[in-house]
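S.K.: Structure incoming, see below.
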Amino acid sequence: MPTVVVMDVSLSMTRPVSVEGSEEYQRKHLAVHGLTMLFEHMATNYKLEFTALVVFSSLWELMVPFTRDYNTLQEALSNMDDYDKTCLESALLGVCNIVQQEWGAAIPCQVVLVTDGCLGIGRGSLRHSLATHNQRSESNRFPLPFPFPSKLYVMCMANLEELQSTDSLDCLERLIDLNNGEGQIFTIDGPLCLKNVQSMFGKLIDLAYTPFHAVLKCGHLTSDVQVFPRPEPFIIDEEIDPIPKAINTDLEIVGFVDIADISSPPVLSRHLVLPIALNREGDEVGPGITDDTEDENSANQIAGKIPNFCVLLHGSLKVEGMVAVVQLGPEWYGMLYSQADSKKKSNLMMSLFEPGPEPLPWLGKMAQLGPISDAKENPYGEDDNKSPFPLQPKNKRSYAQNVTVWIKPSGLQTDVQKILRNARKLPEKTQTFYKELNRLRKAALAFGFLDLLKGVADMLERECTLLPDTAHPDAAFQLTHAAQQLKVASTGTSEYAAYDHNIAPLQTDFSSSSTERM
């Protein structure tokens, strides 16, 4: 994920630091030393990371836009000037603008704030910003939380005792809280010196910038890979005590599926899968390990001649038009596939599904998928002209059923009128009459609308009294029977008031004789 380094260049950062030796250091020099260490690490292990450098005092300035050229970032560190007072809010607003212009509001971003813990004075200081936080309008809101997924890391060029002597630590912790708790504050352990600054930035590297190495397995074939960006632990919201779930370092391929079958599934995140070449002694070789350009090129040539399963897998998936289903952990799966950046360039990608035994409903449970050879007949057909997917659900979905909805009075009126129309055409419409009657009965019981049942029963009794002399005798029996059943259901206490119970037509001599004639 992209990184924005926000460097404090206010006058408080020029305060001298008592370091052993003849050379005089400022807090700014300690910060530059720490950031140089961070950039060197990223140049070696995080070459694909985009990083920007912002400096601020009362105003902010974008020194280096998002780039992968870490030499440019290190040169900019040595060209920073000193300015006036600290105004952290303007810097955070600048970060919002930079990230949204470059990446939008959906890409996660890491913000590394380097400061000495001095909050500024007067209007524009962090104390003033936090004190007026709840009194602001929407147009003048505080920039935290960031409008994009983010983590805020505060690197303080001060030790814990110095920050605790004032309210600086409390204000900085409030920043993390305002960013939805995403982030952390780092302080220097012990006296201010280069060694302790290196230790502090080392903790940041271990937390946020350690490359994720894994072993990709498929049967007896294996390959050492780096997954970039590093997969974040996933927290399942449904659990009572949510525990972060991290993927295993052993990524085992359990099968292959056609791209058309897996379609475009919902995923948690997408990652590049990069092969790590190893020489005969088992040491890593590749860019960033050697010092000289010639040695680096020779190392790349050696790595290119060593057979690698990751390269074989990438080419196979691309040619065959398939994806590899990979197991990330217990009941957690993902997929490996080839994604093209252009006509000539493509990458091996890995997408993570949501944890669970059935992340993609149209494929069914992952554990129940098997090879085609286990099937009695080829599920794809002899000519590969059909597919066993998507699987049809055993139960009808709620949106696929004929559900009774009475949002408006007209809907209820229409259903009642339909029953009365069929009642006047008995016994010819007996089946339709009871079908509509049972549908209305179940809906009324589901909604707790028991008065409706009693009202419809009264209507049916009235219809019975209004039957003409020429009406079929069976009509009166069926109407009386239906009215009695509805009255029993309206009490809610009888066994006939159960939701699953259906009112069946009354068997009479007239109905049986009419059936025989039919």
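Residue names in the structure tokens use chain letters A, B, ... in the order shown, residue numbers from 1 in each chain, and ligand numbers from 1 in the order shown.
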Hey, what's within 12 Å of range 316-333 of chain A if we count only C-alpha atoms and toss same-chain stuff fewer than 5 positions away? As a short mmCIF file (atom, residue, chain, number, x, y, z; two decimals) with N, CA and C atoms, in the first residue's frame, please?

M.R.:
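As written to disk, part06.cif reads:
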```cif
data_model
loop_
_atom_site.label_atom_id
_atom_site.label_comp_id
_atom_site.auth_asym_id
_atom_site.auth_seq_id
_atom_site.Cartn_x
_atom_site.Cartn_y
_atom_site.Cartn_z
N ALA A 214 6.52 -16.66 1.73
CA ALA A 214 5.74 -17.88 1.89
C ALA A 214 6.28 -18.94 0.95
N VAL A 215 5.78 -20.15 1.14
CA VAL A 215 6.15 -21.27 0.27
C VAL A 215 4.89 -21.72 -0.46
N LEU A 216 4.91 -21.63 -1.78
CA LEU A 216 3.79 -22.04 -2.60
C LEU A 216 3.98 -23.52 -2.96
N LYS A 217 2.96 -24.34 -2.64
CA LYS A 217 3.07 -25.78 -2.84
C LYS A 217 1.95 -26.28 -3.74
N CYS A 218 2.31 -27.26 -4.57
CA CYS A 218 1.32 -27.97 -5.38
C CYS A 218 1.84 -29.39 -5.54
N PRO A 231 -0.26 -9.29 3.31
CA PRO A 231 -1.67 -9.51 3.69
C PRO A 231 -1.93 -9.12 5.15
N PRO A 233 -4.07 -9.15 8.70
CA PRO A 233 -4.97 -10.08 9.41
C PRO A 233 -6.42 -9.67 9.24
N PHE A 234 -7.29 -10.66 9.11
CA PHE A 234 -8.72 -10.40 8.90
C PHE A 234 -9.48 -10.74 10.17
N ILE A 236 -13.06 -11.52 11.86
CA ILE A 236 -14.43 -11.93 11.54
C ILE A 236 -15.39 -11.23 12.50
N LYS A 245 -7.32 -13.12 12.08
CA LYS A 245 -6.98 -14.36 11.38
C LYS A 245 -5.95 -14.04 10.31
N ALA A 246 -4.76 -14.65 10.43
CA ALA A 246 -3.67 -14.40 9.49
C ALA A 246 -3.48 -15.61 8.58
N ILE A 247 -3.00 -15.37 7.36
CA ILE A 247 -2.81 -16.47 6.43
C ILE A 247 -1.52 -17.21 6.77
N ASN A 248 -1.48 -18.48 6.39
CA ASN A 248 -0.30 -19.31 6.66
C ASN A 248 0.85 -18.93 5.73
N THR A 249 2.05 -19.29 6.14
CA THR A 249 3.21 -19.09 5.28
C THR A 249 3.36 -20.24 4.29
N ASP A 250 2.59 -21.31 4.48
CA ASP A 250 2.53 -22.41 3.51
C ASP A 250 1.23 -22.28 2.73
N LEU A 251 1.34 -21.91 1.46
CA LEU A 251 0.18 -21.73 0.59
C LEU A 251 0.06 -22.97 -0.30
N GLU A 252 -0.94 -23.78 -0.04
CA GLU A 252 -1.07 -25.05 -0.75
C GLU A 252 -2.19 -24.98 -1.78
N ILE A 253 -1.85 -25.28 -3.02
CA ILE A 253 -2.83 -25.32 -4.10
C ILE A 253 -3.63 -26.61 -3.99
N VAL A 254 -4.96 -26.50 -3.90
CA VAL A 254 -5.81 -27.67 -3.71
C VAL A 254 -6.55 -28.06 -4.99
N GLY A 255 -6.53 -27.22 -6.00
CA GLY A 255 -7.21 -27.57 -7.25
C GLY A 255 -7.21 -26.42 -8.24
N PHE A 256 -7.77 -26.70 -9.42
CA PHE A 256 -7.82 -25.72 -10.50
C PHE A 256 -9.26 -25.64 -11.03
N VAL A 257 -9.69 -24.43 -11.35
CA VAL A 257 -11.06 -24.18 -11.81
C VAL A 257 -10.99 -23.26 -13.02
N ASP A 258 -11.91 -23.47 -13.98
CA ASP A 258 -11.99 -22.58 -15.13
C ASP A 258 -12.34 -21.16 -14.69
N ILE A 259 -11.78 -20.20 -15.39
CA ILE A 259 -12.07 -18.80 -15.07
C ILE A 259 -13.57 -18.52 -15.22
N ALA A 260 -14.20 -19.12 -16.24
CA ALA A 260 -15.63 -18.88 -16.46
C ALA A 260 -16.47 -19.38 -15.29
N ASP A 261 -16.02 -20.44 -14.61
CA ASP A 261 -16.78 -20.98 -13.49
C ASP A 261 -16.65 -20.12 -12.24
N ILE A 262 -15.45 -19.60 -12.02
CA ILE A 262 -15.24 -18.81 -10.80
C ILE A 262 -15.68 -17.37 -11.01
N SER A 263 -15.76 -16.95 -12.29
CA SER A 263 -16.28 -15.64 -12.67
C SER A 263 -15.47 -14.53 -11.99
N SER A 264 -16.16 -13.53 -11.46
CA SER A 264 -15.49 -12.40 -10.78
C SER A 264 -15.97 -12.35 -9.34
N PRO A 265 -15.37 -13.14 -8.47
CA PRO A 265 -15.90 -13.28 -7.10
C PRO A 265 -15.54 -12.10 -6.20
N VAL A 267 -13.75 -10.39 -3.17
CA VAL A 267 -12.49 -10.72 -2.49
C VAL A 267 -12.19 -9.65 -1.44
N LEU A 268 -11.37 -10.04 -0.46
CA LEU A 268 -10.95 -9.11 0.59
C LEU A 268 -9.82 -8.20 0.11
N PHE A 309 8.94 -23.09 -10.01
CA PHE A 309 7.55 -23.54 -10.12
C PHE A 309 6.59 -22.36 -10.27
N CYS A 310 6.90 -21.24 -9.64
CA CYS A 310 6.02 -20.07 -9.70
C CYS A 310 5.88 -19.59 -11.15
N VAL A 311 6.99 -19.60 -11.89
CA VAL A 311 6.96 -19.18 -13.29
C VAL A 311 6.16 -20.19 -14.12
N SER A 338 -3.60 -15.24 -13.49
CA SER A 338 -2.74 -14.36 -14.27
C SER A 338 -3.53 -13.12 -14.66
N GLN A 339 -2.97 -11.96 -14.35
CA GLN A 339 -3.62 -10.70 -14.69
C GLN A 339 -2.69 -9.89 -15.58
N ALA A 340 -3.19 -9.44 -16.71
CA ALA A 340 -2.36 -8.73 -17.68
C ALA A 340 -2.40 -7.24 -17.42
N LYS A 345 2.75 -7.79 -20.92
CA LYS A 345 3.15 -8.00 -19.53
C LYS A 345 1.97 -8.50 -18.70
N SER A 346 2.22 -9.53 -17.91
CA SER A 346 1.20 -10.04 -17.00
C SER A 346 1.87 -10.45 -15.70
N ASN A 347 1.08 -10.56 -14.65
CA ASN A 347 1.59 -10.88 -13.31
C ASN A 347 0.76 -12.00 -12.70
N LEU A 348 1.42 -12.75 -11.81
CA LEU A 348 0.70 -13.76 -11.03
C LEU A 348 0.11 -13.07 -9.81
N MET A 349 -1.21 -13.13 -9.69
CA MET A 349 -1.90 -12.44 -8.61
C MET A 349 -2.57 -13.45 -7.69
N MET A 350 -2.79 -13.02 -6.45
CA MET A 350 -3.53 -13.84 -5.49
C MET A 350 -4.61 -12.97 -4.84
N SER A 351 -5.84 -13.47 -4.89
CA SER A 351 -6.96 -12.79 -4.23
C SER A 351 -7.44 -13.63 -3.06
N LEU A 352 -7.77 -12.96 -1.97
CA LEU A 352 -8.20 -13.64 -0.75
C LEU A 352 -9.73 -13.60 -0.64
N PHE A 353 -10.34 -14.78 -0.49
CA PHE A 353 -11.78 -14.84 -0.23
C PHE A 353 -12.04 -14.61 1.25
N GLU A 354 -13.31 -14.39 1.58
CA GLU A 354 -13.67 -14.30 3.00
C GLU A 354 -13.52 -15.67 3.65
N PRO A 355 -13.04 -15.71 4.90
CA PRO A 355 -12.90 -17.01 5.58
C PRO A 355 -14.24 -17.72 5.69
N GLY A 356 -14.18 -19.04 5.57
CA GLY A 356 -15.40 -19.84 5.67
C GLY A 356 -15.34 -21.03 4.73
N PRO A 357 -16.14 -22.05 5.00
CA PRO A 357 -16.11 -23.27 4.15
C PRO A 357 -16.74 -23.06 2.79
N GLU A 358 -17.58 -22.01 2.62
CA GLU A 358 -18.30 -21.79 1.37
C GLU A 358 -18.22 -20.32 0.98
N PRO A 359 -17.01 -19.84 0.60
CA PRO A 359 -16.88 -18.41 0.29
C PRO A 359 -17.59 -18.01 -0.99
N LEU A 360 -17.73 -18.95 -1.95
CA LEU A 360 -18.40 -18.67 -3.21
C LEU A 360 -19.60 -19.62 -3.32
N LEU A 363 -20.07 -22.27 -6.10
CA LEU A 363 -19.19 -23.42 -6.19
C LEU A 363 -19.48 -24.46 -5.12
N LYS A 365 -19.38 -26.02 -1.17
CA LYS A 365 -18.32 -26.10 -0.16
C LYS A 365 -17.00 -26.50 -0.82
N MET A 366 -15.95 -25.77 -0.49
CA MET A 366 -14.65 -26.02 -1.10
C MET A 366 -14.15 -27.43 -0.80
N ALA A 367 -14.42 -27.91 0.40
CA ALA A 367 -13.92 -29.23 0.79
C ALA A 367 -14.58 -30.35 0.00
N LEU A 369 -15.32 -30.15 -3.31
CA LEU A 369 -14.90 -30.14 -4.71
C LEU A 369 -13.86 -31.23 -4.94
N GLY A 370 -13.88 -31.84 -6.10
CA GLY A 370 -12.94 -32.91 -6.40
C GLY A 370 -12.55 -32.92 -7.85
#
```

S.K.: Please provide the set of residues having any atom within 12 Å of Asn140 in chain A, restricted to only C-alpha atoms, with same-chain residues fewer than 5 positions apart removed, written as a ChimeraX atom specification.

M.R.: /A:89-90,93,129,132-135

S.K.: Can I get the selection written as a PDB file, in the first residue's frame, with all heavy atoms?

M.R.:
```pdb
ATOM      1  N   GLU A  89      -2.510  20.218  11.807  1.00  0.00           N
ATOM      2  CA  GLU A  89      -3.780  20.050  11.104  1.00  0.00           C
ATOM      3  C   GLU A  89      -3.638  20.339   9.618  1.00  0.00           C
ATOM      4  O   GLU A  89      -4.191  19.613   8.775  1.00  0.00           O
ATOM      5  CB  GLU A  89      -4.847  20.952  11.711  1.00  0.00           C
ATOM      6  CG  GLU A  89      -6.209  20.804  11.042  1.00  0.00           C
ATOM      7  CD  GLU A  89      -7.284  21.660  11.693  1.00  0.00           C
ATOM      8  OE1 GLU A  89      -7.030  22.206  12.783  1.00  0.00           O
ATOM      9  OE2 GLU A  89      -8.378  21.768  11.109  1.00  0.00           O
ATOM     10  N   SER A  90      -2.892  21.392   9.264  1.00  0.00           N
ATOM     11  CA  SER A  90      -2.713  21.713   7.837  1.00  0.00           C
ATOM     12  C   SER A  90      -1.962  20.591   7.122  1.00  0.00           C
ATOM     13  O   SER A  90      -2.248  20.275   5.959  1.00  0.00           O
ATOM     14  CB  SER A  90      -1.959  23.036   7.690  1.00  0.00           C
ATOM     15  OG  SER A  90      -0.629  22.917   8.172  1.00  0.00           O
ATOM     16  N   LEU A  93      -4.400  17.776   6.445  1.00  0.00           N
ATOM     17  CA  LEU A  93      -5.261  18.151   5.317  1.00  0.00           C
ATOM     18  C   LEU A  93      -4.529  17.955   3.993  1.00  0.00           C
ATOM     19  O   LEU A  93      -5.110  17.499   3.002  1.00  0.00           O
ATOM     20  CB  LEU A  93      -5.705  19.607   5.459  1.00  0.00           C
ATOM     21  CG  LEU A  93      -6.861  19.893   6.416  1.00  0.00           C
ATOM     22  CD1 LEU A  93      -7.037  21.400   6.613  1.00  0.00           C
ATOM     23  CD2 LEU A  93      -8.152  19.277   5.900  1.00  0.00           C
ATOM     24  N   SER A 129      -6.741  22.605  17.818  1.00  0.00           N
ATOM     25  CA  SER A 129      -7.530  21.809  16.879  1.00  0.00           C
ATOM     26  C   SER A 129      -8.381  20.785  17.618  1.00  0.00           C
ATOM     27  O   SER A 129      -9.561  20.590  17.298  1.00  0.00           O
ATOM     28  CB  SER A 129      -6.607  21.103  15.884  1.00  0.00           C
ATOM     29  OG  SER A 129      -5.887  22.039  15.110  1.00  0.00           O
ATOM     30  N   THR A 132     -11.348  22.360  19.641  1.00  0.00           N
ATOM     31  CA  THR A 132     -12.481  22.824  18.831  1.00  0.00           C
ATOM     32  C   THR A 132     -13.029  21.716  17.924  1.00  0.00           C
ATOM     33  O   THR A 132     -13.814  21.995  17.015  1.00  0.00           O
ATOM     34  CB  THR A 132     -12.043  24.014  17.963  1.00  0.00           C
ATOM     35  OG1 THR A 132     -10.949  23.609  17.112  1.00  0.00           O
ATOM     36  CG2 THR A 132     -11.590  25.175  18.835  1.00  0.00           C
ATOM     37  N   HIS A 133     -12.626  20.491  18.176  1.00  0.00           N
ATOM     38  CA  HIS A 133     -12.998  19.386  17.276  1.00  0.00           C
ATOM     39  C   HIS A 133     -14.510  19.193  17.194  1.00  0.00           C
ATOM     40  O   HIS A 133     -15.065  18.979  16.112  1.00  0.00           O
ATOM     41  CB  HIS A 133     -12.323  18.096  17.751  1.00  0.00           C
ATOM     42  CG  HIS A 133     -12.699  16.888  16.954  1.00  0.00           C
ATOM     43  ND1 HIS A 133     -13.704  16.017  17.329  1.00  0.00           N
ATOM     44  CD2 HIS A 133     -12.226  16.419  15.773  1.00  0.00           C
ATOM     45  CE1 HIS A 133     -13.817  15.059  16.423  1.00  0.00           C
ATOM     46  NE2 HIS A 133     -12.943  15.267  15.470  1.00  0.00           N
ATOM     47  N   ASN A 134     -15.206  19.270  18.332  1.00  0.00           N
ATOM     48  CA  ASN A 134     -16.648  19.012  18.362  1.00  0.00           C
ATOM     49  C   ASN A 134     -17.485  20.233  18.007  1.00  0.00           C
ATOM     50  O   ASN A 134     -18.717  20.153  18.003  1.00  0.00           O
ATOM     51  CB  ASN A 134     -17.053  18.496  19.746  1.00  0.00           C
ATOM     52  CG  ASN A 134     -16.411  17.161  20.071  1.00  0.00           C
ATOM     53  OD1 ASN A 134     -16.221  16.326  19.185  1.00  0.00           O
ATOM     54  ND2 ASN A 134     -16.071  16.953  21.339  1.00  0.00           N
ATOM     55  N   GLN A 135     -16.842  21.361  17.744  1.00  0.00           N
ATOM     56  CA  GLN A 135     -17.579  22.592  17.469  1.00  0.00           C
ATOM     57  C   GLN A 135     -17.523  22.968  15.994  1.00  0.00           C
ATOM     58  O   GLN A 135     -17.905  24.066  15.621  1.00  0.00           O
ATOM     59  CB  GLN A 135     -17.004  23.739  18.315  1.00  0.00           C
ATOM     60  CG  GLN A 135     -16.978  23.429  19.810  1.00  0.00           C
ATOM     61  CD  GLN A 135     -16.146  24.437  20.584  1.00  0.00           C
ATOM     62  OE1 GLN A 135     -15.722  25.448  20.035  1.00  0.00           O
ATOM     63  NE2 GLN A 135     -15.916  24.171  21.869  1.00  0.00           N
TER      64      GLN A 135
END
```

S.K.: Running DSSP on the backbone, which parts of range 345-502 of chain A land in alpha helix (DSSP H), as a PyMOL selection string?

M.R.: chain A and resi 409-423+430-447+450-465+473-491

S.K.: My list of candidates is A:Leu178, A:Leu274, A:Leu437, A:Phe50. Which is closest to Asp224 in chain A when distances are computed with only C-alpha atoms?

M.R.: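 Nearest to Asp224 in chain A: A:Leu274.
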
S.K.: Just give me the gap between CA of Thr3 in chain A and CA of Ile188 in chain A in Å, one decimal is fine.

M.R.: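 Separation of CA of Thr3 in chain A and CA of Ile188 in chain A: 21.8 Å.
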
S.K.: With distances taken over only C-alpha atoms, which of A:Leu88, A:Pro361, A:Met37, A:Ser139 is nearest to Leu204 in chain A?

M.R.: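 Nearest to Leu204 in chain A: A:Met37.
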
S.K.: Would you mind writing down, as a PyMOL selection string, each residue of range 262-470 of chain A that DSSP on the backbone assigns to strand (DSSP E or B)?

M.R.: chain A and resi 269-275+277-278+284-285+322-329+332-340+346-352

S.K.: Looking at only C-alpha atoms, which of A:Ser57, A:Asn159, A:Thr14, A:Thr36 is the one that sits closest to Leu119 in chain A?

M.R.: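 Selected residue with least distance to Leu119 in chain A: A:Ser57.
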
S.K.: To one decimal place in Å, what is the distance between CA of Ala31 in chain A and CA of Glu75 in chain A?

M.R.: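 Rounded to one decimal, the two atoms are 14.2 Å apart.
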
S.K.: May I ask which of the residues A:Leu440, A:Leu460, A:Leu59, A:Ala208 is the closest one to Ile503 in chain A, counting only C-alpha atoms?

M.R.: A:Leu440

S.K.: Taking into account only C-alpha atoms, which residue in the set A:Ala483, A:Leu450, A:Ala52, A:Val456 is nearest to Glu102 in chain A?

M.R.: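 The closest residue to Glu102 in chain A is A:Ala52.
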
S.K.: How many Å separate CA of Gly183 in chain A from CA of Tyr153 in chain A?

M.R.: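 According to the coordinates, CA of Gly183 in chain A and CA of Tyr153 in chain A are separated by 5.2 Å.
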